[in-house]
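Novice: I'd like to ask you about the structure that follows.
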Amino acid sequence: MANIKTNENKTKAQSMGLHSEVLTGKTQQKFFNPDEAENFYYWGTYDVDFNKRIDLDVNDLDCKEANKKIDELMSQGYGTIVIKNPQGKHSLGVGVLNKLNLIFEGSLGYFGVGSIDGPTVRINGRVGWSCAENMMAGKVVIEKNAGSCFGAAVRGGDLICKGSVGARTGIDQKGGTIIVGGDAGAFTGFMMQRGRIIILGNVGINLGDSMYDGTIYVGGKIGSFGSDAIESPMTKSDIDWIKRKLKVAEIGENFDISKMTKVVAGKKLWNYDALEPTEKKGAI
Amino acid sequence: MCGIAGLIHRGKSSNVGNELQAMLQALKHRGPDSTGYALYADNDGQNFIMRFKVGENVGEGSSSINEDESVYDKRKELVDQMLKSLGAKVLKEKKLTPYSYRYEMQYDEDLMDFSKKIESIESVEILSIGKSLELIKDLGDAQEVLDRYDLGKVRGTHAIGHARMATESGVDIKSAHPFWGYPFSDVSVVHNGQLTNYWNNRRVLENKGMRFMSECDSELIAVYLAEKMRNGATLEEGMKDSLSGLDGVFTYFVATKDSLGMAKDTMAAKPLVLYESDDLVAMGSEEIAIRSILPHEIDTYDPFDGEVKVWQI
């Protein structure tokens with residue numbers, strides 16, 4: 001944490017309470033220098049044409065075979081891949097690291113579209129536990145419900161569920177936005193560290209338990225607040241941002257955003273007071 | 001990690017043996033050690049079906065028992081003598097494996113006293129007693145157990161099953177699920193999770209006269225619910241009480257002669273996917289279990305923390 005320094009000039013994201021530190025120093029300069037273009041490409045990514053479309057029936061394939069086939073199709077330049085008969089199989093569509101239109105005509109099991117960086121995914125069914133875990137960038141839209149640990153440890157991108165989600169949504173979230181059209185279960189935002197969660201419906205008990213940072217917006221009733229989660233006033237910036245996000249997500253068209261509850265970290269966990277100021281930043 | 005599955009047809013019967021096999025086979029990766037079925041079959045409802053074992057032949061492992069088959073025959077004779085002395089009339093009997101039997105019998109007295117006396121015989125365990133419940137459990141996957149016990153033709157209204165990965169107790173039949181809700185006829189339980197106040201609850205329940213046949217924590221749920229119902233609670237009341245009475249993480253199913261229920265702990269730590277329609281409810285630890293019997297597109301969801309649901313046939 002030696003390279004993390006504070007800066008008095010707050011960005012818009014910081015003023016909204018999303019995070020408080022500014023990343024500077026040699027480590028950041030080394031790995032995020034835009035002039036070094038090779039740092040922005042992964043091994044195994046492809047130039048694809050979105051107009052080049054193909055259907056892939058995975059009914060008789062296991063998840064490894066199906067994911068390998070998706071990779072092969074991307075290597076052939078297919079930019080729109082429609083997966084037929086996913087039948088609730090686990091770990092489909094994981095590790096896609098480039099731009100791609102990936103459409104699932106059906107439901108996914110556990111760990112669907114995990115560790116992705118860039119694709120636009122539409123799932124015309126439900127997803128099981130840990131959908132889009134570790135997602136770095138891109139957009140994932142689920143038309144029906146999702147299981148527990150929805151968007152666990154996501155670091156970026158938009159993750160949208162039009163139905164309801166299970167417990168521990170956004171657990172360990174490190175960035176990005178999770179949007180839920182229905183209800184969410186217990187421990188939503190558990191230990192989240194950054195990013196934002198929007199729940200239009202009700203949430204269960206222990207909302208935002210032990211959250212370090214980030215923001216949770218709830219449209220319905222809250223079962224209970226978790227340790228160190230506190231209510232914060234909604235600002236115009238919040239309302240404008242949520243409005244824009246819901247429009248992109250194509251849900252909550254007539255939703256009264258001004259009545260939502262904003263929940264942030266109180267940063268009063270027992271260990272905070274015992275830490276030195278620099279250590280507090282490190283803990284975040 | 002274990003896999004559980006259950007289904008209930010409302011207003012009709014179906015081939016629940018094959019349906020549950022397909023669901024449990026899809027969950028094999030969650031539990032390769034043993035498989036159990038609790039099938040509520042279309043029996044005539046007049047006589048009791050008692051399934052029991054007179055030993056275990058579990059081969060290798062920490063629970064390894066290799067007894068001579070002649071020992072089983074002797075124990076079976078003792079069971080027959082005990083049944084006769086208790087006044088039970090055996091109408092049909094079938095030897096399913098060298099160590100397990102299915103008896104159809106008439107008996108009108110208290111099942112608790114009956115069970116205690118039968119199980120006083122060395123290594124004899126009643127797997128289930130009921131007028132429609134057929135409880136089968138053994139080592140192997142769902143297909144192997146189905147074939148071994150010829151369950152493919154069983155028709156009925158509802159069923160629950162379990163694919164077990166042994167954790168805190170041995171790989172043996174006595175620790176396999178489902179557990180019979182002793183001493184109630186036609187009550188069975190399957191569980192996925194860990195109970196952390198097992199020994200405390202066990203001591204209390206044993207002092208109240210309840211019996212435990214294994215050291216598997218899941219057995220506690222069956223005994224816990226049975227004790228609640230024995231004191232006048234309905235199944236649903238007992239299940240709701242269990243959310244605070246049982247400590248740990250759990251999702252469990254319980255079935256009776258005419259109902260099927262599910263309960264999920266207050267932390268929602270264990271998975272469950274549920275499909276519900278007017279004539280069928282199917283649920284399992286993973287969506288693929290439901291897809292194995294409903295391949296067309298359906299709407300499913302995860303029940304929330306602390307939910308209890310009960311369906312009638």
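By order in the structure tokens, chains are A, B, ...; within a chain, residues start at 1; ligands start at 1, following the order shown.
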Which residues of range 22-136 of chain B come within 12 Å of range 259-271 of chain B, and what is each one's closest atom pair and distance in Å (one decimal), counting only C-alpha atoms, sorted by chain and residue number, as JSON lines?
Specialist:
```
{"residue": "B:Arg30", "atom": "CA", "partner": "B:Pro271", "partner_atom": "CA", "distance": 11.7}
{"residue": "B:Ala38", "atom": "CA", "partner": "B:Leu260", "partner_atom": "CA", "distance": 11.3}
{"residue": "B:Leu39", "atom": "CA", "partner": "B:Leu260", "partner_atom": "CA", "distance": 11.5}
{"residue": "B:Tyr40", "atom": "CA", "partner": "B:Ser259", "partner_atom": "CA", "distance": 9.9}
{"residue": "B:Ser132", "atom": "CA", "partner": "B:Ser259", "partner_atom": "CA", "distance": 12.0}
{"residue": "B:Leu133", "atom": "CA", "partner": "B:Ser259", "partner_atom": "CA", "distance": 11.8}
```
Novice: Please produce a file of those selected residues containing C-alpha atoms, as an mmCIF file, in the first residue's frame.
Specialist:
```
data_model
loop_
_atom_site.group_PDB
_atom_site.id
_atom_site.type_symbol
_atom_site.label_atom_id
_atom_site.label_comp_id
_atom_site.auth_asym_id
_atom_site.auth_seq_id
_atom_site.Cartn_x
_atom_site.Cartn_y
_atom_site.Cartn_z
ATOM 1 C CA ARG B 30 -22.034 -33.051 -5.236
ATOM 2 C CA ALA B 38 -37.610 -41.669 -0.060
ATOM 3 C CA LEU B 39 -40.403 -42.556 -2.477
ATOM 4 C CA TYR B 40 -44.065 -42.097 -1.571
ATOM 5 C CA SER B 132 -46.614 -45.271 1.377
ATOM 6 C CA LEU B 133 -42.979 -44.477 2.248
#
```
Novice: What's the 9 Å shell around range 43-49 of chain A, counting only C-alpha atoms, without same-chain residues fewer than 2 positions away, as a PDB file with C-alpha atoms, in the first residue's frame?
Specialist:
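Full text of out-v7.pdb as output:
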```pdb
ATOM      1  CA  TYR A  41      -4.379  -6.695 -24.431  1.00  0.00           C
ATOM      2  CA  ASN A  51     -22.220  -8.756 -37.749  1.00  0.00           C
ATOM      3  CA  LYS A  52     -20.784 -12.238 -38.047  1.00  0.00           C
ATOM      4  CA  ARG A  53     -23.336 -14.341 -36.153  1.00  0.00           C
ATOM      5  CA  ASP A  71     -13.229 -19.601 -28.017  1.00  0.00           C
ATOM      6  CA  MET A  74     -14.238 -16.031 -31.569  1.00  0.00           C
ATOM      7  CA  SER A  75     -10.905 -16.965 -33.140  1.00  0.00           C
ATOM      8  CA  GLN A  76     -12.788 -17.325 -36.428  1.00  0.00           C
ATOM      9  CA  GLY A  77     -14.050 -13.764 -36.056  1.00  0.00           C
ATOM     10  CA  TYR A  78     -17.621 -14.435 -34.911  1.00  0.00           C
ATOM     11  CA  GLY A  79     -18.742 -11.421 -32.897  1.00  0.00           C
ATOM     12  CA  THR A  80     -22.284 -12.560 -32.105  1.00  0.00           C
ATOM     13  CA  VAL A  96     -14.266 -14.196 -22.370  1.00  0.00           C
ATOM     14  CA  LEU A  97     -11.717 -11.394 -22.493  1.00  0.00           C
ATOM     15  CA  ASN A  98     -12.763  -9.388 -25.532  1.00  0.00           C
ATOM     16  CA  LYS A  99     -15.738  -7.611 -27.047  1.00  0.00           C
ATOM     17  CA  LEU A 100     -18.446 -10.077 -27.998  1.00  0.00           C
TER      18      LEU A 100
END
```
Novice: Output as an NGL selection string all residues of range 9-245 of chain A that backbone DSSP marks as strand (DSSP E).
Specialist: :A and (22-23 or 49-57 or 78-84 or 101-105 or 117-123 or 137-142 or 158-161 or 174-180 or 194-199 or 215-218 or 229-232)
Novice: Quick one: residues within 8 Å of Val90 in chain B, only C-alpha atoms counted, chain neighbours fewer than 5 positions away excluded, as a PDB file with C-alpha atoms, in the first residue's frame?
Specialist:
```
ATOM      1  CA  TYR B 103     -41.637 -56.376   4.784  1.00  0.00           C
ATOM      2  CA  GLU B 104     -45.316 -55.695   4.256  1.00  0.00           C
ATOM      3  CA  MET B 105     -47.104 -56.196   7.542  1.00  0.00           C
ATOM      4  CA  GLN B 106     -50.062 -55.416   9.734  1.00  0.00           C
TER       5      GLN B 106
END
```
Novice: Per residue of chain A within 9 Å of chain B, record the nearest atom pair and its distance in Å to one decimal, counting only C-alpha atoms, with rows in chain order and ascending residue number, as a tab-separated table.
Specialist:
```
residue	atom	partner	partner_atom	distance
A:Asn85	CA	B:Pro295	CA	8.8
A:Gln87	CA	B:Arg291	CA	6.3
A:Gly88	CA	B:Ile288	CA	5.2
A:Lys89	CA	B:Ile288	CA	6.4
A:His90	CA	B:Ile288	CA	8.5
A:Gly106	CA	B:Glu297	CA	6.4
A:Ser107	CA	B:Glu297	CA	7.8
A:Leu108	CA	B:Glu287	CA	8.0
A:Gly109	CA	B:Glu287	CA	6.0
A:Tyr110	CA	B:Glu286	CA	7.9
A:Gly125	CA	B:Asp299	CA	7.5
A:Arg126	CA	B:Thr300	CA	7.1
A:Val127	CA	B:Glu287	CA	8.7
A:Gly128	CA	B:Glu287	CA	7.2
A:Trp129	CA	B:Pro271	CA	7.9
A:Lys144	CA	B:Asp299	CA	7.5
A:Asn145	CA	B:Tyr301	CA	6.0
A:Ala146	CA	B:Tyr301	CA	7.1
A:Gly147	CA	B:Asp302	CA	5.7
A:Ser148	CA	B:Asp302	CA	7.7
A:Ser164	CA	B:Tyr301	CA	8.0
A:Val165	CA	B:Asp302	CA	7.6
A:Gly166	CA	B:Asp302	CA	6.1
A:Ala167	CA	B:Ala268	CA	6.3
A:Arg168	CA	B:Ala268	CA	8.8
A:Ala184	CA	B:Phe304	CA	8.3
A:Gly185	CA	B:Phe304	CA	5.7
A:Ala186	CA	B:Asp305	CA	6.5
A:Phe187	CA	B:Met267	CA	8.0
A:Gly204	CA	B:Asp305	CA	8.0
A:Ile205	CA	B:Asp305	CA	8.8
```
Novice: Just the number, please: distance in Å from CA of Gly219 in chain A to CA of Gly182 in chain A, one decimal.
Specialist: 9.6 Å
Novice: From the list B:Val189, B:Gln46, B:Met1, B:Lys208, which residue is nearest His29 in chain B when using only C-alpha atoms?
Specialist: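 Of the candidates, the smallest distance to His29 in chain B is held by B:Met1.
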Novice: Can you pull out the residues contacting Asp213 in chain A? Cut-off 6 Å, using only C-alpha atoms, and skip same-chain residues under 2 positions away; I want them as a PyMOL selection string.
Specialist: chain A and resi 193-194+211+265
Novice: Create the file for the chosen residues now, containing N, CA and C atoms and written as a short mmCIF file (atom, residue, chain, number, x, y, z; two decimals), in the first residue's frame.
Specialist:
```
data_model
loop_
_atom_site.label_atom_id
_atom_site.label_comp_id
_atom_site.auth_asym_id
_atom_site.auth_seq_id
_atom_site.Cartn_x
_atom_site.Cartn_y
_atom_site.Cartn_z
N GLN A 193 -16.28 -3.47 -1.25
CA GLN A 193 -15.16 -2.55 -1.07
C GLN A 193 -15.23 -1.32 -1.97
N ARG A 194 -16.02 -1.42 -3.01
CA ARG A 194 -16.19 -0.28 -3.90
C ARG A 194 -17.33 -0.65 -4.87
N MET A 211 -19.32 -3.63 5.21
CA MET A 211 -18.85 -3.03 3.95
C MET A 211 -17.73 -2.03 4.25
N ALA A 265 -20.86 2.85 3.92
CA ALA A 265 -20.11 2.33 5.07
C ALA A 265 -19.95 3.42 6.13
#
```
Novice: List as a list in words the protein and nucleic acid residues near Tyr198 in chain B, meaning an atom at most 9 Å away when only C-alpha atoms are counted, but skip any in the same chain fewer than 6 places from it.
Specialist: Cys216, Asp217, Ser218, Leu220, Leu246 and Asp247 of chain B
Novice: May I have the selected residues written with N, CA and C atoms, as a PDB file, in the first residue's frame?
Specialist:
```
ATOM      1  N   CYS B 216     -24.373 -38.959  12.316  1.00  0.00           N
ATOM      2  CA  CYS B 216     -24.501 -37.970  11.249  1.00  0.00           C
ATOM      3  C   CYS B 216     -25.384 -36.820  11.751  1.00  0.00           C
ATOM      4  N   ASP B 217     -24.889 -35.596  11.635  1.00  0.00           N
ATOM      5  CA  ASP B 217     -25.627 -34.449  12.172  1.00  0.00           C
ATOM      6  C   ASP B 217     -27.006 -34.284  11.533  1.00  0.00           C
ATOM      7  N   SER B 218     -27.145 -34.728  10.304  1.00  0.00           N
ATOM      8  CA  SER B 218     -28.418 -34.556   9.597  1.00  0.00           C
ATOM      9  C   SER B 218     -29.552 -35.347  10.238  1.00  0.00           C
ATOM     10  N   LEU B 220     -30.278 -35.431  13.140  1.00  0.00           N
ATOM     11  CA  LEU B 220     -30.891 -34.575  14.161  1.00  0.00           C
ATOM     12  C   LEU B 220     -32.177 -33.914  13.634  1.00  0.00           C
ATOM     13  N   LEU B 246     -32.146 -25.119  15.390  1.00  0.00           N
ATOM     14  CA  LEU B 246     -30.970 -25.762  14.812  1.00  0.00           C
ATOM     15  C   LEU B 246     -29.957 -24.687  14.458  1.00  0.00           C
ATOM     16  N   ASP B 247     -28.716 -24.923  14.833  1.00  0.00           N
ATOM     17  CA  ASP B 247     -27.670 -23.940  14.566  1.00  0.00           C
ATOM     18  C   ASP B 247     -26.783 -24.485  13.438  1.00  0.00           C
TER      19      ASP B 247
END
```
Novice: Write out as an mmCIF file with C-alpha atoms, in the first residue's frame all residues of range 2-36 of chain B that backbone DSSP assigns to helix (DSSP H, G or I).
Specialist:
```cif
data_model
loop_
_atom_site.group_PDB
_atom_site.id
_atom_site.type_symbol
_atom_site.label_atom_id
_atom_site.label_comp_id
_atom_site.auth_asym_id
_atom_site.auth_seq_id
_atom_site.Cartn_x
_atom_site.Cartn_y
_atom_site.Cartn_z
ATOM 1 C CA VAL B 16 -41.188 -40.896 -9.176
ATOM 2 C CA GLY B 17 -38.487 -43.570 -9.005
ATOM 3 C CA ASN B 18 -37.074 -42.724 -12.415
ATOM 4 C CA GLU B 19 -37.668 -39.006 -12.005
ATOM 5 C CA LEU B 20 -35.756 -38.820 -8.731
ATOM 6 C CA GLN B 21 -32.983 -40.983 -10.171
ATOM 7 C CA ALA B 22 -32.519 -38.498 -13.023
ATOM 8 C CA MET B 23 -32.409 -35.584 -10.581
ATOM 9 C CA LEU B 24 -29.925 -37.259 -8.239
ATOM 10 C CA GLN B 25 -27.753 -38.478 -11.089
ATOM 11 C CA ALA B 26 -27.438 -34.861 -12.244
ATOM 12 C CA LYS B 28 -23.704 -36.872 -8.542
ATOM 13 C CA HIS B 29 -20.738 -34.480 -8.527
ATOM 14 C CA ARG B 30 -22.034 -33.051 -5.236
#
```
Novice: Using only C-alpha atoms, which of B:Val204, B:Met239, B:Met213, B:Ala222 sits nearest Ile173 in chain B?
Specialist: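 Of B:Val204, B:Met239, B:Met213, B:Ala222, the one nearest Ile173 in chain B, counting only C-alpha atoms, is B:Met213.
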Novice: How many Å separate CA of Ile221 in chain B from CA of Ala166 in chain B?
Specialist: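 Calculated distance between CA of Ile221 in chain B and CA of Ala166 in chain B is 16.9 Å.
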